[in-house]
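Taking it in order: structure first as structure tokens, then the write-up.
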Amino acid sequence: MKSDIDIVTRCNMKPIMDIACGLGIPEEYIELYGRYKAKISLDFFNRIKEKRDGKLILVTAINPTPAGEGKTTMTIGLGQALCKAGKKAVICLREPSLGPVMGMKGGAAGGGYSQVVPMEDINLHFTGDMHALTAANNLLSACIDNHIHQGNSLNIHPASIMWKRSMDMNDRALREIVVGLGGKINGVPREDGFIITVASELMAILCLANDLDDLKERIKRIVVAYSVTGQPIRVEDLKVQGAMALLLKDAIKPNLVQTLENTPALVHGGPFANIAHGCNSVIATRMGLKLADYVVTEAGFGADLGAEKFFDIKCRYANLKPDVAVIVATIRALKYNGGISGENLSVENVEAVRNGFCNLQKHMENVKKFGVPALVVINRFGTDTQAEIEAVMELCRQNGTEAAVSDVFVKGGEGGLDVAAKLLDLLEKEPSSFKPLYDVDLPIKEKIRLIVTEIYGGAGVNYVKSAEKEIEQLEKMGFSNLPVCMAKTQYSLSDDASLTGRPEDFEITVREVKLSAGAGFIVVITGNIMTMPGLPKKPAAENMDILSDGTFTGLF
């Protein structure tokens, strides 16, 4: 089979205005970024906001192998399959972060014959959204240090500053730094650090904001530090919310592109699925629901992380009601959760598949806890055997859940027609009765307990002393009624990556609790969550090049 780049360079893209016209978007609401990319004016949503919403389809997954299970590829392929079946569908995805593209993970535009294009632009600078977010984030950092240098009228305690500088690149050397060195003229020396742009609270805010006014209000509420008397210092105290929103005036507009089969795709926003909620923007999703009969979107990592946050954070704030969830499983991930090591995942092992099914079973149960019907989709790989696939199909049937096999990587939309047919049938037969897992007015610890026991299957929660104090402080400041955003490993239902399958009787340890007041959630950190990744020994960037004729190589 051809490489992703070979497939992309031979595809027939339509001018993006043709894609927009197919969705019924007039030319005056389209802002072109070349021939194949565009932004959609926010004014257009006001024109269509009274239209009936289409069906909302969430694509999630089981706990993955380190290589990932093709959730984005499945999302794109399913959108193509629905269009091929004669339905009007739109795909809503996150934007890739440049650091992982240049590092180990590679791009996030799908793969094989289920890709969004122009793949090279989407995976690189795209329409500049990441750079705008980086600039707005670092404007705030500069203003904090400038305020201290200029007399510190807000009485900011330098050791209490929580706001980090950011850049959209993996650079471990910048995780911990000291700023203000070189004498009084250069500011006040203090410890600081960088995070990758997609881990910035600004990214989460952009993706949860309903419009420009809401964006500004959320930016105002960001708590960046505390005073020497313990009072929260917000962006509105520094009076830079307007300037930050100005830098984001274009980034807030959804990006319109297409798939290899010319299915419309809104690719907008990209918050971390650990430190934040891991979903594309509310604005893009809501617009997609007005433009199409079916919207296919995804949430980061497995259903224990991405789907839970999609349901409890994004849907709660945007008043979204998901109609169905697709749980992506692979034979290799089932073997991985059945205790098989990475080098042996391509060897037929039906027993390991059966042993690992407990992980998929838990995710099926979890989705149904939210009142959302679920369809299991086996994303077929070349090393899968018929016996392994049949074992999964039979186990799904025994658990009362329909399953389908996908070949969208190899065949594009055609390879997802059986998935689309079963999905449409499920939508017809089983209406959603969606409800969040918890009431936001519950105490912080009770919300954490419910997620740990109900979603992860754990026995309880332990708190380090500093995390206990952080919860106490948040409750005293009146932030106890926010949803919680759990940060943990994606490789296990627990906070221990080595506990694959469906671990039992484990306890989650909460080591840090952070406030994202602008985004509107409390981040609960378990384990060691990295907000500034590093590059591997051989970064993907070493294989990338552009030739004199404009041909690019090495991007995946």
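Order determines the names: the first chain of the structure tokens is A, the second B, and so forth; residues in each chain are numbered 1 upward, and ligands are numbered 1 upward as they are shown.
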In region 54-241 of chain A, DSSP alpha helix (DSSP H) residues written as JSON, numbers by chain: {"A": [71, 72, 73, 74, 75, 76, 77, 78, 79, 80, 81, 82, 83, 84, 98, 99, 100, 101, 102, 119, 120, 121, 122, 123, 129, 130, 131, 132, 133, 134, 135, 136, 137, 138, 139, 140, 141, 142, 143, 144, 145, 146, 147, 148, 149, 201, 202, 203, 204, 205, 206, 207, 208, 212, 213, 214, 215, 216, 217, 218, 219, 220, 221, 235, 236, 237, 238, 241]}
Enter the distance from CA of His268 (chain A) to CA of Ala251 (chain A), in Å, rounded to one decimal.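 Separation of CA of His268 (chain A) and CA of Ala251 (chain A): 8.5 Å.
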Can you pull out the residues contacting Ser498 (chain A)? Cut-off 10 Å, using only C-alpha atoms, and skip same-chain residues under 3 positions away; I want them as a VMD selection string. chain A and resid 337 339 489 491 to 492 494 to 495 501
Those same residues - C-alpha atoms - I'd like them written as a PDB file, in the first residue's frame.
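Output contents, as saved in selection.pdb:
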```
ATOM      1  CA  ASN A 337      -4.539  -5.387  27.436  1.00  0.00           C
ATOM      2  CA  GLY A 339      -0.817  -9.061  28.746  1.00  0.00           C
ATOM      3  CA  THR A 489      -2.026   7.888  32.022  1.00  0.00           C
ATOM      4  CA  TYR A 491      -2.534   3.333  28.953  1.00  0.00           C
ATOM      5  CA  SER A 492      -4.527   2.048  31.905  1.00  0.00           C
ATOM      6  CA  SER A 494      -5.799   3.169  36.707  1.00  0.00           C
ATOM      7  CA  ASP A 495      -3.026   5.745  37.281  1.00  0.00           C
ATOM      8  CA  GLY A 501      -6.761  -4.958  31.110  1.00  0.00           C
TER       9      GLY A 501
END
```
For region 456-469 of chain A, work out the shell of residues within 6 Å, counting only C-alpha atoms and skipping chain neighbours fewer than 5 positions away, then give it as a list in words. Leu493, Asp505, Phe506, Glu507, Ile508, Thr509, Val510, Arg511, Glu512 and Val513 of chain A
With 12 Å as the cut-off and only C-alpha atoms counted, what is the closest atom pair between each nearby residue of region 68-150 of chain A and region 25-34 of chain A? Distances in Å to one decimal, ordered by chain and number, as JSON lines.
```
{"residue": "A:Pro118", "atom": "CA", "partner": "A:Gly34", "partner_atom": "CA", "distance": 10.8}
{"residue": "A:Asp121", "atom": "CA", "partner": "A:Tyr33", "partner_atom": "CA", "distance": 10.6}
{"residue": "A:Ile122", "atom": "CA", "partner": "A:Tyr33", "partner_atom": "CA", "distance": 11.8}
{"residue": "A:His125", "atom": "CA", "partner": "A:Tyr33", "partner_atom": "CA", "distance": 11.6}
{"residue": "A:Phe126", "atom": "CA", "partner": "A:Tyr33", "partner_atom": "CA", "distance": 8.9}
{"residue": "A:Thr127", "atom": "CA", "partner": "A:Tyr33", "partner_atom": "CA", "distance": 6.9}
{"residue": "A:Gly128", "atom": "CA", "partner": "A:Tyr33", "partner_atom": "CA", "distance": 10.1}
```
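By chain and then residue number, the residues within 12 Å of Asp441 (chain A) are Glu446, Lys447, Glu475, Gly478, Phe479, Ser480, Asn481, Leu482, Pro483 and Val484 of chain A, counting only C-alpha atoms and disregarding those fewer than 5 positions away in sequence.
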Go ahead and write the residues just picked, N, CA and C atoms, as a short mmCIF file (atom, residue, chain, number, x, y, z; two decimals), in the first residue's frame.
```
data_model
loop_
_atom_site.label_atom_id
_atom_site.label_comp_id
_atom_site.auth_asym_id
_atom_site.auth_seq_id
_atom_site.Cartn_x
_atom_site.Cartn_y
_atom_site.Cartn_z
N GLU A 446 -16.05 14.38 46.04
CA GLU A 446 -17.10 13.45 45.65
C GLU A 446 -17.13 13.27 44.14
N LYS A 447 -16.89 14.35 43.40
CA LYS A 447 -16.84 14.25 41.94
C LYS A 447 -15.66 13.37 41.51
N GLU A 475 -12.10 25.43 47.49
CA GLU A 475 -13.45 25.48 48.07
C GLU A 475 -13.68 26.79 48.80
N GLY A 478 -14.55 29.54 46.45
CA GLY A 478 -15.83 29.42 45.75
C GLY A 478 -15.78 28.70 44.42
N PHE A 479 -14.76 27.84 44.23
CA PHE A 479 -14.63 27.13 42.95
C PHE A 479 -15.06 25.66 43.03
N SER A 480 -15.76 25.29 44.09
CA SER A 480 -16.09 23.87 44.26
C SER A 480 -17.14 23.37 43.27
N ASN A 481 -17.86 24.30 42.61
CA ASN A 481 -18.95 23.87 41.71
C ASN A 481 -18.51 23.73 40.26
N LEU A 482 -17.23 23.58 40.01
CA LEU A 482 -16.74 23.37 38.64
C LEU A 482 -16.59 21.87 38.36
N PRO A 483 -16.76 21.45 37.09
CA PRO A 483 -16.45 20.05 36.75
C PRO A 483 -14.97 19.76 36.94
N VAL A 484 -14.64 18.50 37.12
CA VAL A 484 -13.24 18.13 37.30
C VAL A 484 -12.69 17.50 36.02
#
```
Excluding Asp6 (chain A) and its own-chain neighbours fewer than 3 positions away, which residues fall within 12 Å of it when counting only C-alpha atoms? Please give them as a ChimeraX atom specification. /A:1-3,9-11,111-113,115,119-120,551-556
Filtering to all heavy atoms, could you give me those residues as a short mmCIF file (atom, residue, chain, number, x, y, z; two decimals), in the first residue's frame?
```
data_model
loop_
_atom_site.label_atom_id
_atom_site.label_comp_id
_atom_site.auth_asym_id
_atom_site.auth_seq_id
_atom_site.Cartn_x
_atom_site.Cartn_y
_atom_site.Cartn_z
N MET A 1 0.84 -1.20 0.00
CA MET A 1 0.00 0.00 0.00
C MET A 1 0.87 1.25 0.00
O MET A 1 1.95 1.28 0.61
CB MET A 1 -0.90 0.01 1.24
CG MET A 1 -1.86 1.18 1.30
SD MET A 1 -3.07 0.98 2.61
CE MET A 1 -3.65 2.67 2.75
N LYS A 2 0.43 2.29 -0.71
CA LYS A 2 1.17 3.55 -0.79
C LYS A 2 1.28 4.21 0.58
O LYS A 2 0.46 4.01 1.46
CB LYS A 2 0.49 4.52 -1.76
CG LYS A 2 0.43 4.06 -3.21
CD LYS A 2 -0.17 5.16 -4.06
CE LYS A 2 -0.24 4.75 -5.54
NZ LYS A 2 -1.30 3.75 -5.78
N SER A 3 2.31 5.04 0.75
CA SER A 3 2.46 5.80 1.98
C SER A 3 1.41 6.91 2.04
O SER A 3 0.79 7.26 1.03
CB SER A 3 3.86 6.42 2.05
OG SER A 3 3.98 7.45 1.07
N THR A 9 -0.55 13.14 -2.31
CA THR A 9 -0.08 13.86 -3.50
C THR A 9 -0.83 13.46 -4.76
O THR A 9 -0.78 14.17 -5.76
CB THR A 9 1.44 13.62 -3.71
OG1 THR A 9 1.70 12.21 -3.75
CG2 THR A 9 2.24 14.26 -2.60
N ARG A 10 -1.55 12.34 -4.72
CA ARG A 10 -2.31 11.89 -5.89
C ARG A 10 -3.82 12.12 -5.75
O ARG A 10 -4.60 11.72 -6.61
CB ARG A 10 -2.04 10.39 -6.14
CG ARG A 10 -0.64 10.11 -6.69
CD ARG A 10 -0.30 8.62 -6.60
NE ARG A 10 0.95 8.30 -7.28
CZ ARG A 10 2.15 8.55 -6.77
NH1 ARG A 10 2.27 9.13 -5.59
NH2 ARG A 10 3.26 8.23 -7.44
N CYS A 11 -4.23 12.78 -4.67
CA CYS A 11 -5.67 12.98 -4.46
C CYS A 11 -6.18 14.18 -5.25
O CYS A 11 -5.40 15.05 -5.66
CB CYS A 11 -5.98 13.15 -2.98
SG CYS A 11 -5.58 14.76 -2.31
N GLY A 111 -4.94 8.64 8.29
CA GLY A 111 -3.95 7.84 7.60
C GLY A 111 -4.55 7.02 6.48
O GLY A 111 -5.77 6.83 6.41
N GLY A 112 -3.69 6.53 5.60
CA GLY A 112 -4.14 5.72 4.47
C GLY A 112 -5.10 6.50 3.60
O GLY A 112 -4.83 7.62 3.19
N TYR A 113 -6.27 5.89 3.32
CA TYR A 113 -7.27 6.53 2.47
C TYR A 113 -8.35 7.25 3.28
O TYR A 113 -9.41 7.56 2.76
CB TYR A 113 -7.88 5.50 1.52
CG TYR A 113 -6.90 5.09 0.44
CD1 TYR A 113 -6.04 4.01 0.61
CD2 TYR A 113 -6.81 5.83 -0.74
CE1 TYR A 113 -5.12 3.66 -0.37
CE2 TYR A 113 -5.89 5.50 -1.71
CZ TYR A 113 -5.05 4.42 -1.52
OH TYR A 113 -4.13 4.09 -2.50
N GLN A 115 -7.83 10.44 5.24
CA GLN A 115 -7.05 11.58 5.70
C GLN A 115 -7.79 12.88 5.41
O GLN A 115 -8.59 12.96 4.48
CB GLN A 115 -5.70 11.63 4.99
CG GLN A 115 -4.79 10.45 5.23
CD GLN A 115 -3.43 10.65 4.59
OE1 GLN A 115 -2.69 11.58 4.92
NE2 GLN A 115 -3.08 9.78 3.66
N MET A 119 -2.87 17.68 3.93
CA MET A 119 -2.27 17.07 5.11
C MET A 119 -1.02 17.82 5.58
O MET A 119 -0.83 18.04 6.78
CB MET A 119 -1.93 15.60 4.80
CG MET A 119 -1.25 14.88 5.96
SD MET A 119 0.55 14.86 5.84
CE MET A 119 0.82 13.31 5.01
N GLU A 120 -0.18 18.25 4.63
CA GLU A 120 1.07 18.90 5.02
C GLU A 120 0.81 20.24 5.71
O GLU A 120 1.49 20.62 6.66
CB GLU A 120 2.00 19.08 3.81
CG GLU A 120 1.52 20.07 2.75
CD GLU A 120 0.51 19.48 1.76
OE1 GLU A 120 -0.10 18.45 2.07
OE2 GLU A 120 0.35 20.09 0.69
N THR A 551 7.93 19.48 -3.53
CA THR A 551 7.56 18.15 -3.01
C THR A 551 8.12 17.99 -1.60
O THR A 551 9.27 18.36 -1.34
CB THR A 551 8.14 17.04 -3.92
OG1 THR A 551 7.69 17.24 -5.24
CG2 THR A 551 7.70 15.67 -3.43
N PHE A 552 7.32 17.46 -0.69
CA PHE A 552 7.78 17.26 0.68
C PHE A 552 7.93 15.77 0.97
O PHE A 552 7.25 14.94 0.37
CB PHE A 552 6.82 17.92 1.69
CG PHE A 552 5.42 17.39 1.63
CD1 PHE A 552 4.98 16.38 2.48
CD2 PHE A 552 4.51 17.90 0.71
CE1 PHE A 552 3.70 15.90 2.42
CE2 PHE A 552 3.21 17.42 0.65
CZ PHE A 552 2.81 16.42 1.50
N THR A 553 8.81 15.45 1.88
CA THR A 553 9.07 14.06 2.25
C THR A 553 9.13 13.93 3.76
O THR A 553 9.40 14.90 4.48
CB THR A 553 10.40 13.56 1.65
OG1 THR A 553 11.48 14.38 2.15
CG2 THR A 553 10.40 13.63 0.13
N GLY A 554 8.90 12.73 4.24
CA GLY A 554 9.11 12.42 5.65
C GLY A 554 8.00 12.78 6.60
O GLY A 554 8.05 12.43 7.77
N LEU A 555 6.97 13.48 6.12
CA LEU A 555 5.86 13.87 6.99
C LEU A 555 4.86 12.72 7.07
O LEU A 555 4.50 12.14 6.06
CB LEU A 555 5.19 15.12 6.43
CG LEU A 555 4.22 15.88 7.34
CD1 LEU A 555 4.93 16.39 8.59
CD2 LEU A 555 3.60 17.04 6.58
N PHE A 556 4.42 12.39 8.28
CA PHE A 556 3.46 11.28 8.43
C PHE A 556 2.47 11.60 9.53
O PHE A 556 2.66 12.52 10.31
CB PHE A 556 4.18 9.97 8.74
CG PHE A 556 4.86 9.94 10.08
CD1 PHE A 556 4.22 9.37 11.18
CD2 PHE A 556 6.13 10.47 10.27
CE1 PHE A 556 4.84 9.32 12.42
CE2 PHE A 556 6.75 10.42 11.50
CZ PHE A 556 6.11 9.86 12.58
#
```
Distance query Val326 (chain A) at most 6 Å, only C-alpha atoms, self and fewer than 3 positions along chain excluded, as a list in words: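 Residues near the query, excluding close chain neighbours: Val59, Thr60, Ala374, Leu375 and Val376 of chain A.
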